[in-house]
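K.L.:
Sharing upload-v1.txt (compact mmCIF, C-alpha atoms) below.
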```txt
# COMPACT_ATOMS: atom_id res chain seq x y z
CA MET A 1 78.82 -113.15 -5.52
CA THR A 2 79.41 -109.92 -3.64
CA ASN A 3 76.55 -107.72 -2.52
CA THR A 4 77.66 -105.07 -4.99
CA SER A 5 77.50 -107.44 -7.94
CA LYS A 6 74.21 -108.86 -6.67
CA TYR A 7 72.78 -105.36 -6.44
CA ARG A 8 74.29 -104.39 -9.79
CA GLU A 9 72.49 -107.29 -11.46
CA THR A 10 69.18 -106.27 -9.91
CA LEU A 11 69.69 -102.61 -10.81
CA LEU A 12 70.47 -103.55 -14.40
CA GLN A 13 67.30 -105.65 -14.51
CA PHE A 14 65.29 -102.64 -13.32
CA LEU A 15 66.86 -100.47 -16.02
CA ASP A 16 66.25 -103.09 -18.71
CA ILE A 17 62.55 -103.27 -17.85
CA ASP A 18 61.81 -99.59 -17.38
CA ILE A 19 63.70 -96.50 -16.34
CA ASP A 20 61.33 -95.74 -13.50
CA ILE A 21 63.54 -94.17 -10.85
CA LYS A 22 60.70 -94.24 -8.32
CA ASN A 23 60.49 -98.06 -8.53
CA ILE A 24 64.25 -98.36 -8.27
CA MET A 25 64.33 -96.07 -5.23
CA ASN A 26 61.49 -98.00 -3.57
CA TRP A 27 63.47 -101.19 -4.05
CA ILE A 28 66.64 -99.58 -2.66
CA GLU A 29 64.71 -98.38 0.40
CA SER A 30 63.57 -101.97 1.00
CA GLN A 31 67.20 -103.10 1.33
CA PRO A 32 69.15 -103.02 4.63
CA ASP A 33 69.83 -99.42 5.68
CA LEU A 34 73.59 -99.75 5.84
CA GLU A 35 73.77 -101.17 2.32
CA GLN A 36 71.65 -98.47 0.67
CA PRO A 37 74.49 -95.95 0.14
CA ASP A 38 76.60 -98.62 -1.59
CA ILE A 39 73.66 -99.55 -3.79
CA LEU A 40 73.23 -95.88 -4.71
CA ARG A 41 76.92 -95.67 -5.55
CA GLU A 42 76.56 -98.72 -7.78
CA LEU A 43 73.52 -97.18 -9.48
CA ARG A 44 75.50 -93.96 -10.01
CA SER A 45 78.30 -96.01 -11.57
CA ILE A 46 75.83 -97.72 -13.91
CA PHE A 47 74.40 -94.36 -14.96
CA LEU A 48 77.89 -93.02 -15.69
CA GLU A 49 78.69 -96.13 -17.76
CA LYS A 50 75.47 -95.70 -19.74
CA HIS A 51 76.33 -92.04 -20.33
CA GLU A 52 79.81 -92.97 -21.58
CA LYS A 53 78.38 -95.61 -23.95
CA THR A 54 75.49 -93.57 -25.32
CA GLY A 55 76.46 -89.94 -24.76
CA GLU A 56 72.88 -89.33 -23.58
CA THR A 57 72.83 -86.57 -20.99
CA HIS A 58 69.90 -87.90 -18.96
CA TRP A 59 72.18 -90.70 -17.66
CA LEU A 60 74.70 -88.11 -16.51
CA ASN A 61 71.92 -86.09 -14.87
CA PHE A 62 70.68 -89.19 -13.02
CA ALA A 63 74.25 -89.88 -11.83
CA LYS A 64 74.75 -86.30 -10.61
CA ASN A 65 71.42 -86.28 -8.77
CA ILE A 66 72.35 -89.45 -6.92
CA GLU A 67 75.92 -88.34 -6.22
CA ASN A 68 74.80 -85.11 -4.60
CA GLY A 69 72.98 -86.89 -1.78
CA ILE A 70 74.85 -90.13 -1.11
CA ASP A 71 77.29 -88.87 1.53
CA ASP A 72 74.61 -86.95 3.43
CA PHE A 73 72.27 -89.95 3.22
CA GLU A 74 74.98 -92.28 4.54
CA GLU A 75 75.79 -89.86 7.35
CA GLU A 76 72.09 -89.70 8.28
CA ILE A 77 71.83 -93.51 8.42
CA LEU A 78 74.95 -93.80 10.57
CA ASP A 79 73.79 -91.00 12.88
CA GLU A 80 70.42 -92.70 13.31
CA LYS A 81 72.08 -96.06 14.08
CA LEU A 82 74.43 -94.39 16.58
CA HIS A 83 71.57 -92.48 18.21
CA LYS A 84 69.47 -95.64 18.50
CA ASN A 85 72.42 -97.56 19.93
CA LEU A 86 73.21 -94.85 22.47
CA PHE A 87 69.55 -94.53 23.43
CA TYR A 88 69.16 -98.25 24.09
CA THR A 89 72.48 -98.46 25.90
CA GLU A 90 71.50 -95.55 28.15
CA LEU A 91 68.02 -96.94 28.67
CA GLU A 92 69.38 -100.38 29.52
CA HIS A 93 71.86 -98.85 31.97
CA ALA A 94 69.21 -96.66 33.59
CA LEU A 95 66.77 -99.55 33.97
CA LYS A 96 69.31 -102.19 34.96
CA ASP A 97 68.38 -102.40 38.63
CA VAL A 98 64.73 -101.33 38.37
CA GLU A 99 62.05 -103.85 39.23
CA PHE A 100 59.05 -103.65 36.94
CA SER A 101 55.59 -104.82 37.68
CA LEU A 102 53.33 -105.90 34.84
CA GLU A 103 51.13 -102.93 35.72
CA ASN A 104 54.03 -100.48 35.21
CA VAL A 105 54.99 -102.09 31.90
CA THR A 106 51.38 -102.02 30.75
CA THR A 107 51.05 -98.34 31.70
CA PHE A 108 54.26 -97.49 29.86
CA THR A 109 53.28 -99.36 26.70
CA THR A 110 49.75 -97.93 26.76
CA PHE A 111 51.14 -94.40 27.03
CA THR A 112 53.61 -95.06 24.19
CA ARG A 113 50.95 -96.65 21.96
CA GLU A 114 48.48 -93.83 22.55
CA ALA A 115 51.13 -91.19 21.84
CA LEU A 116 52.05 -92.88 18.55
CA ILE A 117 48.43 -93.30 17.49
CA ASN A 118 47.58 -89.69 18.40
CA SER A 119 50.59 -88.49 16.47
CA PHE A 120 49.41 -90.46 13.44
CA ILE A 121 45.85 -89.17 13.68
CA THR A 122 46.78 -85.51 14.22
CA ASP A 123 49.62 -85.40 11.67
CA PRO A 124 48.79 -87.03 8.33
CA GLU A 125 52.45 -86.61 7.27
CA GLN A 126 53.34 -89.45 9.67
CA LYS A 127 51.96 -91.83 7.06
CA ASN A 128 55.17 -91.28 5.06
CA ASN A 129 57.59 -90.86 7.96
CA LYS A 130 60.05 -93.75 8.12
CA LYS A 131 61.17 -92.85 11.66
CA PHE A 132 57.58 -92.84 12.87
CA TRP A 133 56.99 -96.33 11.48
CA ASN A 134 60.25 -97.54 13.02
CA ALA A 135 58.97 -96.32 16.39
CA VAL A 136 55.64 -98.09 15.84
CA HIS A 137 57.41 -101.34 14.97
CA LEU A 138 59.63 -101.04 18.05
CA ALA A 139 56.58 -100.43 20.27
CA VAL A 140 54.75 -103.43 18.79
CA LYS A 141 57.86 -105.58 19.18
CA PHE A 142 58.17 -104.48 22.81
CA GLU A 143 54.53 -105.35 23.45
CA LYS A 144 54.98 -108.77 21.84
CA ASN A 145 58.14 -109.44 23.85
CA THR A 146 56.41 -108.55 27.09
CA GLY A 147 53.33 -110.60 26.26
CA ILE A 148 50.83 -107.74 26.31
CA TYR A 149 50.39 -107.22 22.57
CA ASP A 150 46.83 -106.99 21.30
CA GLU A 151 46.43 -106.18 17.60
CA ASN A 152 43.11 -104.46 18.32
CA ASN A 153 45.02 -101.75 20.21
CA TRP A 154 46.77 -100.76 16.98
CA ILE A 155 43.80 -101.02 14.61
CA ALA A 156 43.58 -97.21 14.21
CA ILE A 157 46.87 -97.08 12.31
CA MET A 158 47.45 -100.55 10.95
```
Write out the structure in this file as structure tokens.
P.N.:
Amino acid sequence: MTNTSKYRETLLQFLDIDIDIKNIMNWIESQPDLEQPDILRELRSIFLEKHEKTGETHWLNFAKNIENGIDDFEEEILDEKLHKNLFYTELEHALKDVEFSLENVTTFTTFTREALINSFITDPEQKNNKKFWNAVHLAVKFEKNTGIYDENNWIAIM
């Protein structure tokens, strides 16, 4: 079974239960980033098929709404992946020959953690910012990988 047919089956199940676009979009957002545009294209295709079968205009409206943003959304995902890749490649290159002490790593992670937490506290919109939460998860992962993670340090936002 291809991913498209797997996703098509799930999308059809969502539509059979309830036409709650918010639930469908939440599910799509939970899928791997690079697959989300294809899932949206499949959903658009399903909406067009439903419009052709029923003649109901709301299906066509759903399809048009999705179609208008797919290419931009895909471009945004690819740009973010490229940016992240370039950032880590540059960081790895810059730090290749640097010797780190545990004290330096701890200072760096403390600064990063405090900046993220302060950003969360001072800007309530961060609660819904996917990029912010990606940064938090990367910081936590870094702390865990370096052995200095303490969940109590993150209690203010977790």
K.L.:
Could you check the closest approach to Leu15 (chain A) for each of A:Ile155, A:Ile46, A:Leu34, A:Phe132 and tell me which residue wins, using only C-alpha atoms?
P.N.:
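Nearest candidate to Leu15 (chain A) out of A:Ile155, A:Ile46, A:Leu34, A:Phe132: A:Ile46.
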K.L.:
Between CA of Asn61 (chain A) and CA of Lys6 (chain A), measure the distance and give it in Å to one decimal.
P.N.:
24.3 Å
K.L.:
Compare A:Leu11, A:Ile70, A:Ile21, A:Leu86 by their minimum atom-to-atom distance to Leu43 (chain A), counting all atoms listed in the file, and give me the closest one.
P.N.:
A:Leu11
K.L.:
Which residues are near Phe120 (chain A)? Cut-off 9 Å, only C-alpha atoms, ignore same chain within fewer than 4 positions. Put them as a PyMOL selection string.
P.N.:
chain A and resi 115-116+124-127+132+156-157
K.L.:
Applying 10 Å and only C-alpha atoms, which residues near Trp59 (chain A) remain after dropping the ones on its own chain fewer than 4 positions away? List them as number ranges by chain.
P.N.:
A: 44, 46-52, 54-55, 63-65
K.L.:
Filtering to C-alpha atoms, could you give me those residues as a JSON list (two decimals), in the frame of the given file?
P.N.:
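Everything below was put into again_33.json:
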```
[["chain", "number", "residue", "atom", "x", "y", "z"],
["A", 44, "ARG", "CA", 75.50, -93.96, -10.01],
["A", 46, "ILE", "CA", 75.83, -97.72, -13.91],
["A", 47, "PHE", "CA", 74.40, -94.36, -14.96],
["A", 48, "LEU", "CA", 77.89, -93.02, -15.69],
["A", 49, "GLU", "CA", 78.69, -96.13, -17.76],
["A", 50, "LYS", "CA", 75.47, -95.70, -19.74],
["A", 51, "HIS", "CA", 76.33, -92.04, -20.33],
["A", 52, "GLU", "CA", 79.81, -92.97, -21.58],
["A", 54, "THR", "CA", 75.49, -93.57, -25.32],
["A", 55, "GLY", "CA", 76.46, -89.94, -24.76],
["A", 63, "ALA", "CA", 74.25, -89.88, -11.83],
["A", 64, "LYS", "CA", 74.75, -86.30, -10.61],
["A", 65, "ASN", "CA", 71.42, -86.28, -8.77]]
```
K.L.:
Quick one: residues within 12 Å of Gly147 (chain A), all atoms listed in the file, excluding same-chain residues fewer than 3 positions away - as an MDAnalysis selection string?
P.N.:
chainID A and resid 102 105:106 109 140:144 150:151
K.L.:
Please produce a file of those selected residues containing C-alpha atoms, as a PDB file, in the coordinates of the input.
P.N.:
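Writing done, so here's out06.pdb:
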```
ATOM      1  CA  LEU A 102      53.330-105.900  34.840  1.00  0.00           C
ATOM      2  CA  VAL A 105      54.990-102.090  31.900  1.00  0.00           C
ATOM      3  CA  THR A 106      51.380-102.020  30.750  1.00  0.00           C
ATOM      4  CA  THR A 109      53.280 -99.360  26.700  1.00  0.00           C
ATOM      5  CA  VAL A 140      54.750-103.430  18.790  1.00  0.00           C
ATOM      6  CA  LYS A 141      57.860-105.580  19.180  1.00  0.00           C
ATOM      7  CA  PHE A 142      58.170-104.480  22.810  1.00  0.00           C
ATOM      8  CA  GLU A 143      54.530-105.350  23.450  1.00  0.00           C
ATOM      9  CA  LYS A 144      54.980-108.770  21.840  1.00  0.00           C
ATOM     10  CA  ASP A 150      46.830-106.990  21.300  1.00  0.00           C
ATOM     11  CA  GLU A 151      46.430-106.180  17.600  1.00  0.00           C
TER      12      GLU A 151
END
```
K.L.:
Just give me the gap between CA of Ser119 (chain A) and CA of Trp154 (chain A) in Å, one decimal is fine.
P.N.:
12.9 Å
K.L.:
Can you work out the spacing between CA of Trp27 (chain A) and CA of His83 (chain A) in Å, to one decimal?
P.N.:
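Separation between CA of Trp27 (chain A) and CA of His83 (chain A): 25.2 Å.
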K.L.:
Which residue gives the smallest distance to Lys81 (chain A) among A:Thr57, A:Arg113, A:Asp33, A:Asp38, with only C-alpha atoms counted?
P.N.:
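Result for the nearest residue to Lys81 (chain A): A:Asp33.
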K.L.:
So, with all atoms listed in the file as the atoms that count, which of A:Asp72, A:Ile77, A:Tyr149, A:Thr89 lies closest to Thr110 (chain A)?
P.N.:
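Checking each of A:Asp72, A:Ile77, A:Tyr149, A:Thr89 against Thr110 (chain A), counting all atoms listed in the file, the winner is A:Tyr149.
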K.L.:
Mind filling out region 138-150 of chain A with N, CA, C and O atoms and sending it as a short mmCIF file (atom, residue, chain, number, x, y, z; two decimals), in the coordinates of the input?
P.N.:
```cif
data_model
loop_
_atom_site.label_atom_id
_atom_site.label_comp_id
_atom_site.auth_asym_id
_atom_site.auth_seq_id
_atom_site.Cartn_x
_atom_site.Cartn_y
_atom_site.Cartn_z
N LEU A 138 58.94 -100.78 16.79
CA LEU A 138 59.63 -101.04 18.05
C LEU A 138 58.62 -101.20 19.20
O LEU A 138 58.78 -102.08 20.06
N ALA A 139 57.61 -100.35 19.21
CA ALA A 139 56.58 -100.43 20.27
C ALA A 139 55.83 -101.76 20.18
O ALA A 139 55.59 -102.42 21.20
N VAL A 140 55.46 -102.16 18.97
CA VAL A 140 54.75 -103.43 18.79
C VAL A 140 55.65 -104.59 19.21
O VAL A 140 55.21 -105.52 19.91
N LYS A 141 56.90 -104.53 18.81
CA LYS A 141 57.86 -105.58 19.18
C LYS A 141 58.00 -105.67 20.71
O LYS A 141 58.01 -106.76 21.28
N PHE A 142 58.07 -104.51 21.35
CA PHE A 142 58.17 -104.48 22.81
C PHE A 142 56.93 -105.12 23.44
O PHE A 142 57.04 -105.93 24.36
N GLU A 143 55.76 -104.77 22.93
CA GLU A 143 54.53 -105.35 23.45
C GLU A 143 54.53 -106.87 23.27
O GLU A 143 54.14 -107.61 24.17
N LYS A 144 54.95 -107.32 22.10
CA LYS A 144 54.98 -108.77 21.84
C LYS A 144 55.96 -109.46 22.78
O LYS A 144 55.67 -110.53 23.31
N ASN A 145 57.13 -108.84 22.98
CA ASN A 145 58.14 -109.44 23.85
C ASN A 145 57.72 -109.49 25.31
O ASN A 145 58.17 -110.36 26.06
N THR A 146 56.86 -108.56 25.70
CA THR A 146 56.41 -108.55 27.09
C THR A 146 55.09 -109.30 27.27
O THR A 146 54.60 -109.42 28.38
N GLY A 147 54.53 -109.78 26.18
CA GLY A 147 53.33 -110.60 26.26
C GLY A 147 52.04 -109.82 26.42
O GLY A 147 51.01 -110.40 26.79
N ILE A 148 52.06 -108.53 26.14
CA ILE A 148 50.83 -107.74 26.31
C ILE A 148 50.31 -107.18 24.99
O ILE A 148 49.45 -106.31 24.98
N TYR A 149 50.81 -107.69 23.89
CA TYR A 149 50.39 -107.22 22.57
C TYR A 149 48.97 -107.66 22.28
O TYR A 149 48.59 -108.80 22.52
N ASP A 150 48.18 -106.71 21.77
CA ASP A 150 46.83 -106.99 21.30
C ASP A 150 46.66 -106.19 20.01
O ASP A 150 46.68 -104.96 20.04
#
```
